[in-house]
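> Structure file input.cif (mmCIF, C-alpha atoms and all ligand atoms) right here:
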data_model
loop_
_atom_site.group_PDB
_atom_site.id
_atom_site.type_symbol
_atom_site.label_atom_id
_atom_site.label_comp_id
_atom_site.auth_asym_id
_atom_site.auth_seq_id
_atom_site.Cartn_x
_atom_site.Cartn_y
_atom_site.Cartn_z
ATOM 1 C CA MET A 1 17.815 9.420 13.234
ATOM 2 C CA SER A 2 18.489 12.853 14.633
ATOM 3 C CA SER A 3 18.999 15.649 12.186
ATOM 4 C CA ASN A 4 21.693 17.317 14.297
ATOM 5 C CA SER A 5 20.407 20.616 13.109
ATOM 6 C CA HIS A 6 20.837 22.640 16.270
ATOM 7 C CA SER A 7 23.714 25.034 16.704
ATOM 8 C CA HIS A 8 25.356 26.291 19.827
ATOM 9 C CA SER A 9 28.589 27.841 20.935
ATOM 10 C CA HIS A 10 31.126 25.768 22.749
ATOM 11 C CA GLU A 11 34.671 25.945 23.864
ATOM 12 C CA HIS A 12 36.820 23.391 22.119
ATOM 13 C CA GLU A 13 38.929 24.126 19.079
ATOM 14 C CA HIS A 14 39.239 22.161 15.888
ATOM 15 C CA THR A 15 42.926 21.743 15.429
ATOM 16 C CA PRO A 16 44.478 18.886 13.505
ATOM 17 C CA GLY A 17 44.259 15.826 15.698
ATOM 18 C CA ASN A 18 41.364 17.329 17.604
ATOM 19 C CA ALA A 19 38.819 16.919 14.853
ATOM 20 C CA HIS A 20 36.180 14.972 16.737
ATOM 21 C CA GLY A 21 33.266 13.010 15.395
ATOM 22 C CA HIS A 22 30.284 15.270 15.794
ATOM 23 C CA SER A 23 27.073 14.589 17.579
ATOM 24 C CA HIS A 24 26.208 18.270 17.248
ATOM 25 C CA SER A 25 26.610 20.575 14.306
ATOM 26 C CA HIS A 26 28.514 23.794 14.061
ATOM 27 C CA ASP A 27 26.748 26.710 12.569
ATOM 28 C CA TYR A 28 28.969 27.637 9.651
ATOM 29 C CA GLY A 29 25.730 28.723 8.089
ATOM 30 C CA SER A 30 25.259 31.308 5.454
ATOM 31 C CA GLN A 31 28.621 32.992 5.812
ATOM 32 C CA PHE A 32 29.895 30.663 3.090
ATOM 33 C CA ILE A 33 27.062 31.205 0.671
ATOM 34 C CA ASP A 34 28.187 33.666 -1.932
ATOM 35 C CA PRO A 35 25.189 35.553 -3.369
ATOM 36 C CA THR A 36 26.798 35.489 -6.813
ATOM 37 C CA GLY A 37 26.292 31.740 -6.792
ATOM 38 C CA ARG A 38 30.006 31.051 -7.044
ATOM 39 C CA ILE A 39 31.344 28.005 -5.254
ATOM 40 C CA PRO A 40 31.989 29.054 -1.675
ATOM 41 C CA MET A 41 35.613 28.838 -0.610
ATOM 42 C CA VAL A 42 35.629 27.276 2.804
ATOM 43 C CA ASP A 43 38.432 27.535 5.313
ATOM 44 C CA THR A 44 37.783 24.495 7.433
ATOM 45 C CA GLN A 45 41.320 23.512 8.368
ATOM 46 C CA GLY A 46 41.385 20.975 11.146
ATOM 47 C CA LEU A 47 37.877 19.616 10.644
ATOM 48 C CA THR A 48 37.235 16.032 9.657
ATOM 49 C CA GLN A 49 36.727 15.246 5.986
ATOM 50 C CA ALA A 50 33.086 14.427 6.656
ATOM 51 C CA GLU A 51 32.490 17.760 8.351
ATOM 52 C CA ARG A 52 34.255 19.684 5.563
ATOM 53 C CA SER A 53 32.170 17.862 2.961
ATOM 54 C CA ARG A 54 28.975 18.446 4.890
ATOM 55 C CA ILE A 55 29.609 22.189 4.973
ATOM 56 C CA HIS A 56 30.461 22.292 1.288
ATOM 57 C CA PHE A 57 27.575 20.153 0.054
ATOM 58 C CA ASP A 58 25.018 21.702 2.403
ATOM 59 C CA ASN A 59 25.915 25.132 1.067
ATOM 60 C CA PHE A 60 26.543 24.207 -2.517
ATOM 61 C CA ALA A 61 23.584 21.841 -2.910
ATOM 62 C CA LYS A 62 21.467 23.939 -5.253
ATOM 63 C CA ALA A 63 24.330 24.748 -7.610
ATOM 64 C CA HIS A 64 25.476 21.135 -7.493
ATOM 65 C CA VAL A 65 22.067 19.753 -8.333
ATOM 66 C CA ASP A 66 21.878 22.055 -11.375
ATOM 67 C CA LYS A 67 25.475 21.828 -12.536
ATOM 68 C CA PHE A 68 25.702 18.084 -12.332
ATOM 69 C CA ALA A 69 22.336 17.258 -13.928
ATOM 70 C CA GLU A 70 23.973 16.160 -17.179
ATOM 71 C CA GLY A 71 26.418 14.092 -15.144
ATOM 72 C CA ARG A 72 23.599 12.318 -13.320
ATOM 73 C CA ARG A 73 21.816 11.518 -16.591
ATOM 74 C CA PHE A 74 25.090 10.151 -17.939
ATOM 75 C CA ILE A 75 25.613 7.960 -14.881
ATOM 76 C CA ALA A 76 22.008 6.735 -14.834
ATOM 77 C CA LYS A 77 22.162 5.716 -18.483
ATOM 78 C CA ASN A 78 25.449 3.903 -17.997
ATOM 79 C CA ILE A 79 24.141 1.997 -14.982
ATOM 80 C CA GLN A 80 20.964 1.004 -16.808
ATOM 81 C CA ASP A 81 22.953 -0.121 -19.859
ATOM 82 C CA ARG A 82 24.953 -2.450 -17.606
ATOM 83 C CA LEU A 83 22.412 -4.356 -15.534
ATOM 84 C CA ASP A 84 23.734 -7.713 -16.753
ATOM 85 C CA TRP A 85 27.317 -6.602 -16.265
ATOM 86 C CA ILE A 86 26.593 -5.728 -12.631
ATOM 87 C CA GLY A 87 25.953 -9.422 -12.211
ATOM 88 C CA VAL A 88 23.152 -9.423 -9.640
ATOM 89 C CA ASP A 89 19.957 -11.398 -10.114
ATOM 90 C CA PHE A 90 17.370 -8.621 -10.274
ATOM 91 C CA THR A 91 14.474 -11.093 -10.427
ATOM 92 C CA LYS A 92 15.058 -11.699 -6.699
ATOM 93 C CA PRO A 93 14.833 -9.016 -3.973
ATOM 94 C CA VAL A 94 18.079 -7.050 -3.774
ATOM 95 C CA ARG A 95 19.380 -4.709 -1.099
ATOM 96 C CA VAL A 96 21.450 -1.743 -2.236
ATOM 97 C CA LEU A 97 23.613 0.633 -0.199
ATOM 98 C CA ASP A 98 24.000 3.929 -2.063
ATOM 99 C CA TYR A 99 26.865 5.479 -0.100
ATOM 100 C CA ALA A 100 27.408 9.253 -0.309
ATOM 101 C CA CYS A 101 24.144 9.070 -2.185
ATOM 102 C CA GLY A 102 23.610 12.764 -2.934
ATOM 103 C CA THR A 103 20.255 13.100 -4.660
ATOM 104 C CA GLY A 104 20.236 9.332 -5.253
ATOM 105 C CA VAL A 105 21.201 8.751 -8.857
ATOM 106 C CA VAL A 106 22.326 5.165 -8.245
ATOM 107 C CA SER A 107 19.139 4.211 -6.383
ATOM 108 C CA HIS A 108 16.826 5.964 -8.793
ATOM 109 C CA SER A 109 18.405 4.427 -11.863
ATOM 110 C CA LEU A 110 18.214 0.863 -10.481
ATOM 111 C CA ALA A 111 14.754 1.168 -8.900
ATOM 112 C CA PRO A 112 12.697 0.402 -12.042
ATOM 113 C CA TYR A 113 14.472 -2.940 -12.463
ATOM 114 C CA VAL A 114 14.120 -4.456 -8.993
ATOM 115 C CA THR A 115 11.321 -6.394 -7.285
ATOM 116 C CA PRO A 116 8.941 -4.528 -4.937
ATOM 117 C CA THR A 117 10.434 -6.080 -1.800
ATOM 118 C CA SER A 118 13.907 -4.866 -2.699
ATOM 119 C CA GLN A 119 15.423 -2.123 -0.576
ATOM 120 C CA PHE A 120 17.594 0.934 -1.139
ATOM 121 C CA VAL A 121 19.485 2.588 1.708
ATOM 122 C CA GLY A 122 21.244 5.896 1.153
ATOM 123 C CA ILE A 123 23.807 7.398 3.508
ATOM 124 C CA ASP A 124 25.204 10.885 3.109
ATOM 125 C CA VAL A 125 26.940 13.305 5.425
ATOM 126 C CA SER A 126 24.995 16.226 3.969
ATOM 127 C CA ASP A 127 21.288 16.734 4.473
ATOM 128 C CA THR A 128 20.742 19.336 1.820
ATOM 129 C CA LEU A 129 22.386 17.541 -1.067
ATOM 130 C CA GLY A 130 22.180 14.099 0.466
ATOM 131 C CA ALA A 131 19.756 12.525 2.903
ATOM 132 C CA ASP A 132 16.917 15.066 2.788
ATOM 133 C CA GLN A 133 17.169 15.645 -0.933
ATOM 134 C CA TYR A 134 17.301 11.915 -1.607
ATOM 135 C CA ASN A 135 14.170 11.341 0.490
ATOM 136 C CA ILE A 136 12.282 14.232 -1.089
ATOM 137 C CA THR A 137 13.158 13.079 -4.613
ATOM 138 C CA SER A 138 12.331 9.454 -3.819
ATOM 139 C CA ALA A 139 8.942 10.377 -2.359
ATOM 140 C CA ALA A 140 8.193 12.547 -5.391
ATOM 141 C CA LEU A 141 8.958 9.559 -7.606
ATOM 142 C CA GLY A 142 6.425 7.533 -5.630
ATOM 143 C CA PHE A 143 8.822 5.327 -3.661
ATOM 144 C CA THR A 144 7.920 4.474 -0.066
ATOM 145 C CA PRO A 145 10.452 4.864 2.772
ATOM 146 C CA GLU A 146 10.325 1.091 3.302
ATOM 147 C CA PHE A 147 11.594 0.703 -0.241
ATOM 148 C CA MET A 148 14.010 3.633 -0.355
ATOM 149 C CA LYS A 149 15.355 5.793 2.426
ATOM 150 C CA ALA A 150 18.464 7.840 3.147
ATOM 151 C CA TYR A 151 20.120 8.614 6.460
ATOM 152 C CA LYS A 152 22.472 11.388 7.379
ATOM 153 C CA GLY A 153 25.867 10.266 8.620
ATOM 154 C CA THR A 154 29.239 8.815 7.784
ATOM 155 C CA LEU A 155 30.954 5.441 8.021
ATOM 156 C CA LEU A 156 34.345 6.980 7.347
ATOM 157 C CA GLU A 157 35.286 8.652 10.608
ATOM 158 C CA PRO A 158 38.352 6.770 11.883
ATOM 159 C CA THR A 159 37.636 7.771 15.500
ATOM 160 C CA ASP A 160 34.226 6.090 15.243
ATOM 161 C CA PRO A 161 34.613 3.169 12.833
ATOM 162 C CA ASN A 162 31.410 1.416 13.992
ATOM 163 C CA PRO A 163 28.831 4.172 14.468
ATOM 164 C CA THR A 164 25.916 2.988 16.600
ATOM 165 C CA GLU A 165 23.349 4.608 14.314
ATOM 166 C CA PHE A 166 24.455 2.258 11.530
ATOM 167 C CA SER A 167 24.918 -0.886 13.614
ATOM 168 C CA ALA A 168 21.490 -2.486 13.010
ATOM 169 C CA SER A 169 21.239 -5.431 10.628
ATOM 170 C CA GLU A 170 19.437 -3.282 8.018
ATOM 171 C CA PHE A 171 22.802 -1.554 7.417
ATOM 172 C CA PHE A 172 24.666 -4.766 6.556
ATOM 173 C CA ASN A 173 24.631 -7.581 4.044
ATOM 174 C CA PHE A 174 23.945 -5.540 0.929
ATOM 175 C CA ASP A 175 23.850 -7.279 -2.442
ATOM 176 C CA ILE A 176 25.221 -4.068 -3.952
ATOM 177 C CA VAL A 177 27.322 -1.375 -2.304
ATOM 178 C CA ALA A 178 27.744 1.549 -4.676
ATOM 179 C CA CYS A 179 29.585 4.821 -4.352
ATOM 180 C CA SER A 180 29.170 7.251 -7.221
ATOM 181 C CA MET A 181 31.356 10.320 -7.814
ATOM 182 C CA SER A 182 32.309 10.460 -4.156
ATOM 183 C CA LEU A 183 35.464 8.419 -3.534
ATOM 184 C CA HIS A 184 37.601 11.388 -4.534
ATOM 185 C CA HIS A 185 36.010 13.418 -1.749
ATOM 186 C CA PHE A 186 37.255 11.077 0.961
ATOM 187 C CA ASP A 187 40.606 11.631 2.689
ATOM 188 C CA ASP A 188 41.652 8.004 2.437
ATOM 189 C CA PRO A 189 40.082 5.971 -0.377
ATOM 190 C CA ALA A 190 41.695 2.721 0.798
ATOM 191 C CA TYR A 191 40.175 3.108 4.271
ATOM 192 C CA ALA A 192 36.840 4.174 2.809
ATOM 193 C CA MET A 193 36.638 1.076 0.639
ATOM 194 C CA GLN A 194 37.516 -1.179 3.571
ATOM 195 C CA GLN A 195 34.820 0.412 5.687
ATOM 196 C CA LEU A 196 32.196 0.142 2.952
ATOM 197 C CA ALA A 197 33.194 -3.409 1.981
ATOM 198 C CA LYS A 198 32.152 -4.586 5.457
ATOM 199 C CA ARG A 199 28.606 -3.638 4.478
ATOM 200 C CA ALA A 200 28.554 -5.876 1.387
ATOM 201 C CA ARG A 201 27.177 -9.395 1.584
ATOM 202 C CA PRO A 202 30.029 -11.856 2.261
ATOM 203 C CA ASN A 203 30.784 -14.240 -0.618
ATOM 204 C CA GLY A 204 29.399 -12.356 -3.558
ATOM 205 C CA GLY A 205 28.133 -8.897 -2.587
ATOM 206 C CA VAL A 206 28.907 -6.555 -5.492
ATOM 207 C CA PHE A 207 30.922 -3.413 -4.886
ATOM 208 C CA ILE A 208 30.665 -0.606 -7.447
ATOM 209 C CA ILE A 209 32.701 2.561 -7.719
ATOM 210 C CA ILE A 210 31.911 5.254 -10.268
ATOM 211 C CA ASP A 211 34.346 8.158 -10.388
ATOM 212 C CA ASN A 212 36.701 10.183 -12.546
ATOM 213 C CA THR A 213 39.558 8.460 -14.313
ATOM 214 C CA GLU A 214 42.949 10.070 -13.812
ATOM 215 C CA ALA A 215 41.829 13.653 -13.561
ATOM 216 C CA PRO A 216 43.899 16.818 -13.782
ATOM 217 C CA VAL A 217 45.969 17.469 -10.668
ATOM 218 C CA ASN A 218 47.534 20.845 -9.928
ATOM 219 C CA THR A 219 45.414 22.567 -12.526
ATOM 220 C CA GLU A 220 43.128 25.498 -11.887
ATOM 221 C CA ILE A 221 40.103 23.176 -11.788
ATOM 222 C CA HIS A 222 41.765 20.893 -9.292
ATOM 223 C CA LYS A 223 42.695 23.865 -7.114
ATOM 224 C CA ILE A 224 39.167 25.274 -7.142
ATOM 225 C CA HIS A 225 37.648 21.872 -6.450
ATOM 226 C CA GLN A 226 40.029 21.313 -3.551
ATOM 227 C CA GLN A 227 39.492 24.706 -2.003
ATOM 228 C CA ALA A 228 35.758 24.556 -2.431
ATOM 229 C CA THR A 229 35.309 21.149 -0.924
ATOM 230 C CA GLY A 230 38.055 21.411 1.669
ATOM 231 C CA HIS A 231 40.026 18.495 0.243
ATOM 232 C CA GLY A 232 43.477 17.882 1.600
ATOM 233 C CA PRO A 233 46.260 19.014 -0.738
ATOM 234 C CA HIS A 234 46.974 15.549 -2.102
ATOM 235 C CA THR A 235 43.478 14.287 -2.708
ATOM 236 C CA ALA A 236 43.207 13.136 -6.287
ATOM 237 C CA MET A 237 40.160 13.851 -8.374
ATOM 238 C CA GLY A 238 40.234 10.480 -10.053
ATOM 239 C CA TYR A 239 41.729 7.010 -10.220
ATOM 240 C CA ALA A 240 43.413 4.966 -12.911
ATOM 241 C CA GLU A 241 42.663 1.269 -13.252
ATOM 242 C CA GLU A 242 45.692 -0.016 -11.355
ATOM 243 C CA GLU A 243 45.035 2.237 -8.385
ATOM 244 C CA MET A 244 41.393 1.145 -8.254
ATOM 245 C CA ARG A 245 42.377 -2.502 -8.460
ATOM 246 C CA LYS A 246 44.652 -1.969 -5.460
ATOM 247 C CA TYR A 247 41.782 -0.495 -3.432
ATOM 248 C CA PHE A 248 39.407 -3.307 -4.413
ATOM 249 C CA GLU A 249 42.031 -5.877 -3.413
ATOM 250 C CA GLY A 250 42.776 -4.102 -0.145
ATOM 251 C CA ALA A 251 39.088 -4.140 0.741
ATOM 252 C CA GLY A 252 38.582 -7.816 -0.165
ATOM 253 C CA VAL A 253 36.141 -7.070 -2.979
ATOM 254 C CA ALA A 254 38.329 -7.768 -6.020
ATOM 255 C CA VAL A 255 36.698 -11.006 -7.238
ATOM 256 C CA GLU A 256 35.995 -10.561 -10.977
ATOM 257 C CA PHE A 257 37.287 -6.980 -10.777
ATOM 258 C CA GLU A 258 36.566 -4.838 -13.836
ATOM 259 C CA TYR A 259 37.207 -1.214 -14.696
ATOM 260 C CA VAL A 260 35.432 0.283 -17.687
ATOM 261 C CA VAL A 261 35.990 3.796 -19.001
ATOM 262 C CA LEU A 262 32.637 5.229 -20.063
ATOM 263 C CA GLU A 263 32.452 6.815 -23.482
ATOM 264 C CA GLY A 264 31.595 10.475 -23.903
ATOM 265 C CA GLY A 265 31.565 11.899 -20.403
ATOM 266 C CA PRO A 266 29.690 15.077 -19.483
ATOM 267 C CA GLU A 267 31.152 18.550 -19.588
ATOM 268 C CA ILE A 268 30.981 20.557 -16.424
ATOM 269 C CA ASP A 269 31.627 24.236 -15.845
ATOM 270 C CA ILE A 270 33.624 24.919 -12.711
ATOM 271 C CA GLU A 271 33.880 28.652 -12.155
ATOM 272 C CA GLY A 272 34.165 29.296 -15.882
ATOM 273 C CA TYR A 273 36.622 26.462 -16.495
ATOM 274 C CA LYS A 274 35.193 23.791 -18.766
ATOM 275 C CA TRP A 275 36.044 20.300 -17.693
ATOM 276 C CA HIS A 276 35.270 17.356 -19.916
ATOM 277 C CA MET A 277 34.837 14.634 -17.341
ATOM 278 C CA GLN A 278 36.050 11.146 -18.087
ATOM 279 C CA ILE A 279 34.265 8.685 -15.872
ATOM 280 C CA PHE A 280 34.788 4.985 -15.147
ATOM 281 C CA ILE A 281 32.639 2.323 -13.553
ATOM 282 C CA SER A 282 34.402 -0.459 -11.694
ATOM 283 C CA LYS A 283 33.107 -3.484 -9.880
ATOM 284 C CA GLY A 284 34.246 -6.462 -7.882
ATOM 285 C CA LYS A 285 32.666 -9.028 -5.609
ATOM 286 C CA ARG A 286 33.347 -9.536 -1.920
ATOM 287 C CA ASP A 287 35.348 -12.665 -1.289
ATOM 288 C CA GLU A 288 34.445 -13.733 2.228
HETATM 289 C C1 LIG B 1 29.785 14.684 -5.901
HETATM 290 S S1 LIG B 1 28.548 14.200 -4.747
HETATM 291 C C2 LIG B 1 27.966 12.695 -5.481
HETATM 292 C C3 LIG B 1 26.537 12.389 -5.127
HETATM 293 C C4 LIG B 1 25.878 11.191 -5.826
HETATM 294 N N1 LIG B 1 26.439 9.911 -5.409
HETATM 295 C C5 LIG B 1 25.950 11.334 -7.339
HETATM 296 O O1 LIG B 1 26.591 10.503 -8.002
HETATM 297 O O2 LIG B 1 25.352 12.284 -7.868
HETATM 298 C C6 LIG B 1 29.504 13.688 -3.361
HETATM 299 C C7 LIG B 1 28.663 13.327 -2.146
HETATM 300 O O3 LIG B 1 29.502 12.763 -1.144
HETATM 301 C C8 LIG B 1 28.965 13.125 0.129
HETATM 302 N N2 LIG B 1 30.007 12.874 1.129
HETATM 303 C C9 LIG B 1 31.220 13.445 1.222
HETATM 304 N N3 LIG B 1 31.919 12.921 2.255
HETATM 305 C C10 LIG B 1 31.126 11.960 2.821
HETATM 306 C C11 LIG B 1 31.291 11.055 3.897
HETATM 307 N N4 LIG B 1 32.405 10.996 4.622
HETATM 308 N N5 LIG B 1 30.274 10.206 4.185
HETATM 309 C C12 LIG B 1 29.125 10.248 3.478
HETATM 310 N N6 LIG B 1 28.916 11.085 2.445
HETATM 311 C C13 LIG B 1 29.904 11.930 2.111
HETATM 312 C C14 LIG B 1 28.590 14.584 -0.096
HETATM 313 O O4 LIG B 1 27.733 15.095 0.895
HETATM 314 C C15 LIG B 1 27.966 14.513 -1.476
HETATM 315 O O5 LIG B 1 26.574 14.278 -1.436
#
Could you take the file, read its structure, and then write that structure out as structure tokens?

Amino acid sequence: MSSNSHSHSHEHEHTPGNAHGHSHSHDYGSQFIDPTGRIPMVDTQGLTQAERSRIHFDNFAKAHVDKFAEGRRFIAKNIQDRLDWIGVDFTKPVRVLDYACGTGVVSHSLAPYVTPTSQFVGIDVSDTLGADQYNITSAALGFTPEFMKAYKGTLLEPTDPNPTEFSASEFFNFDIVACSMSLHHFDDPAYAMQQLAKRARPNGGVFIIIDNTEAPVNTEIHKIHQQATGHGPHTAMGYAEEEMRKYFEGAGVAVEFEYVVLEGGPEIDIEGYKWHMQIFISKGKRDE
């Protein structure tokens, strides 16, 4: 997989409607890194969601890793407390897609409970927070790349719905497709879930979403989060049960759908604003 890490100048403009899928990267570089450590405010109008997120998470990786540590512990514990609830037979080899994996909390929390021939695949649009960081952390934990490996990229670019780099059989037929704390970063959650559902094993692959419940909209925190990550103006920060159910149904993964609000979510400091996060875990199985 190429790292796309080169930069060059070129002539086209990124205007709405002209946001192309990138095979090269643009050097937005350090101009967005604020030495005070504040979240960089990025003006990336006209870029794709994936490109906006890549810029944000590449630049904000260090702060994110630190700030969200309590959140990751919270998520790991809640996943590990629910192995039976997930409903997969962990005594047999399982294949897990950890989409928008970040540092890999979903993979790392499940890894101790699976057989050695199981396999974790991470995909993330960012190297710094995602693919690279995931691979570094996994290696440090002693996991081999055959067992656990992340790739840089996206499955959510509507102009390239079947990216060739993810067309091999190793990127399909997952027993678990999980997406933790990331759905609210995507422009179109319904489309995202349909795209990801195609990667689950037909007739029974488990689809898991972990994200915020109905989170504050039009508050200072929402505004900062939106500006920082380049979200569109209407992107929610969370989802109530009925909205999630709709997305699971729309993606054909609503068999035995459940939505559980997790008790005692972490508190996060966003630019001095304290936000007590309320997080849910939801699951459903792919129908056919
Ligand atoms: C809040 S982090 C969550 C990371 C991790 N799953 C966790 O729970 O800690 C959101 C992640 O989504 C990734 N991301 C955003 N848009 C993406 C896209 N279109 N495709 C893949 N990854 C994406 C970001 O790079 C970032 O790592």
> Nearest residue to Pro189 of chain A out of A:His64, A:Lys246, A:Lys149, A:Lys285, using all atoms listed in the file?
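Going through A:His64, A:Lys246, A:Lys149, A:Lys285 one by one, the smallest distance to Pro189 of chain A is for A:Lys246.
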> Can you work out which one of A:Val96, A:Ile86, A:Leu110, A:Val125 has the shortest atom-to-atom distance to ligand LIG 1 (chain B), counting all atoms listed in the file?
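Distance minimum relative to ligand LIG 1 (chain B) lands on A:Val125.
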> Once the PyMOL selection byres (((chain A and resi 178-186) around 8) and not hetatm) has been applied to the shown file, what residues remain in the selection, as a VMD selection string?
chain A and resid 49 to 50 53 96 to 101 106 176 to 177 187 to 189 192 207 to 212 229 231 235 to 238
> Out of A:Gly130, A:Pro161, A:Gly252, A:Gly284, which residue has the shortest atom-to-atom distance to ligand LIG 1 (chain B) when counting all atoms listed in the file?
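For ligand LIG 1 (chain B), the nearest of the given residues is A:Gly130.
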> Check the smallest atom-to-atom distance from each of A:Asp58, A:Glu241, A:Glu263, A:Glu288 to Leu129 of chain A using all atoms listed in the file, then report the winner.
A:Asp58
> Could you spell out the hits of the PyMOL selection byres (((chain A and resi 271-281) around 7) and not hetatm) on the shown file, as an mmCIF file with C-alpha atoms, in the frame of the given file?

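Saved to result-v9.cif:
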data_model
loop_
_atom_site.group_PDB
_atom_site.id
_atom_site.type_symbol
_atom_site.label_atom_id
_atom_site.label_comp_id
_atom_site.auth_asym_id
_atom_site.auth_seq_id
_atom_site.Cartn_x
_atom_site.Cartn_y
_atom_site.Cartn_z
ATOM 1 C CA ARG A 38 30.006 31.051 -7.044
ATOM 2 C CA ILE A 209 32.701 2.561 -7.719
ATOM 3 C CA ILE A 210 31.911 5.254 -10.268
ATOM 4 C CA ASP A 211 34.346 8.158 -10.388
ATOM 5 C CA ASN A 212 36.701 10.183 -12.546
ATOM 6 C CA THR A 213 39.558 8.460 -14.313
ATOM 7 C CA ILE A 221 40.103 23.176 -11.788
ATOM 8 C CA TYR A 259 37.207 -1.214 -14.696
ATOM 9 C CA VAL A 260 35.432 0.283 -17.687
ATOM 10 C CA VAL A 261 35.990 3.796 -19.001
ATOM 11 C CA LEU A 262 32.637 5.229 -20.063
ATOM 12 C CA GLY A 265 31.565 11.899 -20.403
ATOM 13 C CA PRO A 266 29.690 15.077 -19.483
ATOM 14 C CA GLU A 267 31.152 18.550 -19.588
ATOM 15 C CA ILE A 268 30.981 20.557 -16.424
ATOM 16 C CA ASP A 269 31.627 24.236 -15.845
ATOM 17 C CA ILE A 270 33.624 24.919 -12.711
ATOM 18 C CA SER A 282 34.402 -0.459 -11.694
ATOM 19 C CA LYS A 283 33.107 -3.484 -9.880
#
> Kindly indicate which residue among A:Gly250, A:Gln195, A:Val255, A:Asp175 lies nearest to Asp160 of chain A, using all atoms listed in the file for the distances.
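Of A:Gly250, A:Gln195, A:Val255, A:Asp175, the one nearest Asp160 of chain A is A:Gln195, counting all atoms listed in the file.
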> Please report the interatomic distance between atom CA of Thr103 of chain A and atom CA of Val206 of chain A in Å with one decimal.
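Taking atom CA of Thr103 of chain A and atom CA of Val206 of chain A, their separation equals 21.5 Å.
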> Tell me which of A:Trp85, A:Phe171, A:Tyr151, A:Phe143 sits closest to ligand LIG 1 (chain B), counting all atoms listed in the file.
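Among A:Trp85, A:Phe171, A:Tyr151, A:Phe143, it is A:Tyr151 that comes nearest to ligand LIG 1 (chain B).
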> Go ahead and compute the interatomic distance for atom CA of Met193 of chain A and atom CA of Tyr247 of chain A, in Å to one decimal.
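Going from atom CA of Met193 of chain A over to atom CA of Tyr247 of chain A, I get 6.7 Å.
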> Let me have the centre and edge lengths of the axis-aligned box enclosing all listed atoms of ligand LIG 1 (chain B) with 5 Å padding on every side, in Å to one decimal, as lines of an AutoDock Vina configuration file.

center_x = 28.9
center_y = 12.5
center_z = -1.7
size_x = 17.1
size_y = 15.2
size_z = 22.6
> Leaving out Ser126 of chain A and any residue of its chain fewer than 5 positions from it, which residues lie within 8 Å of it when counting all atoms listed in the file, given as a list of chain:residue names?
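Everything that qualifies: A:Ser53, A:Arg54, A:Ile55, A:Phe57, A:Asp58, A:Gly102, A:Ala131, A:Lys152, A:Gly153.
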> Selection in question (the file shown): the PyMOL selection byres (((chain A and resi 113-121) around 6) and not hetatm). Which residues does it include, as a CSV table (one decimal) with C-alpha atoms, in the coordinates of the input?

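Result file selection.csv:
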chain,number,residue,atom,x,y,z
A,90,PHE,CA,17.4,-8.6,-10.3
A,93,PRO,CA,14.8,-9.0,-4.0
A,94,VAL,CA,18.1,-7.0,-3.8
A,95,ARG,CA,19.4,-4.7,-1.1
A,96,VAL,CA,21.4,-1.7,-2.2
A,97,LEU,CA,23.6,0.6,-0.2
A,110,LEU,CA,18.2,0.9,-10.5
A,111,ALA,CA,14.8,1.2,-8.9
A,112,PRO,CA,12.7,0.4,-12.0
A,122,GLY,CA,21.2,5.9,1.2
A,147,PHE,CA,11.6,0.7,-0.2
A,148,MET,CA,14.0,3.6,-0.4
A,149,LYS,CA,15.4,5.8,2.4
A,150,ALA,CA,18.5,7.8,3.1
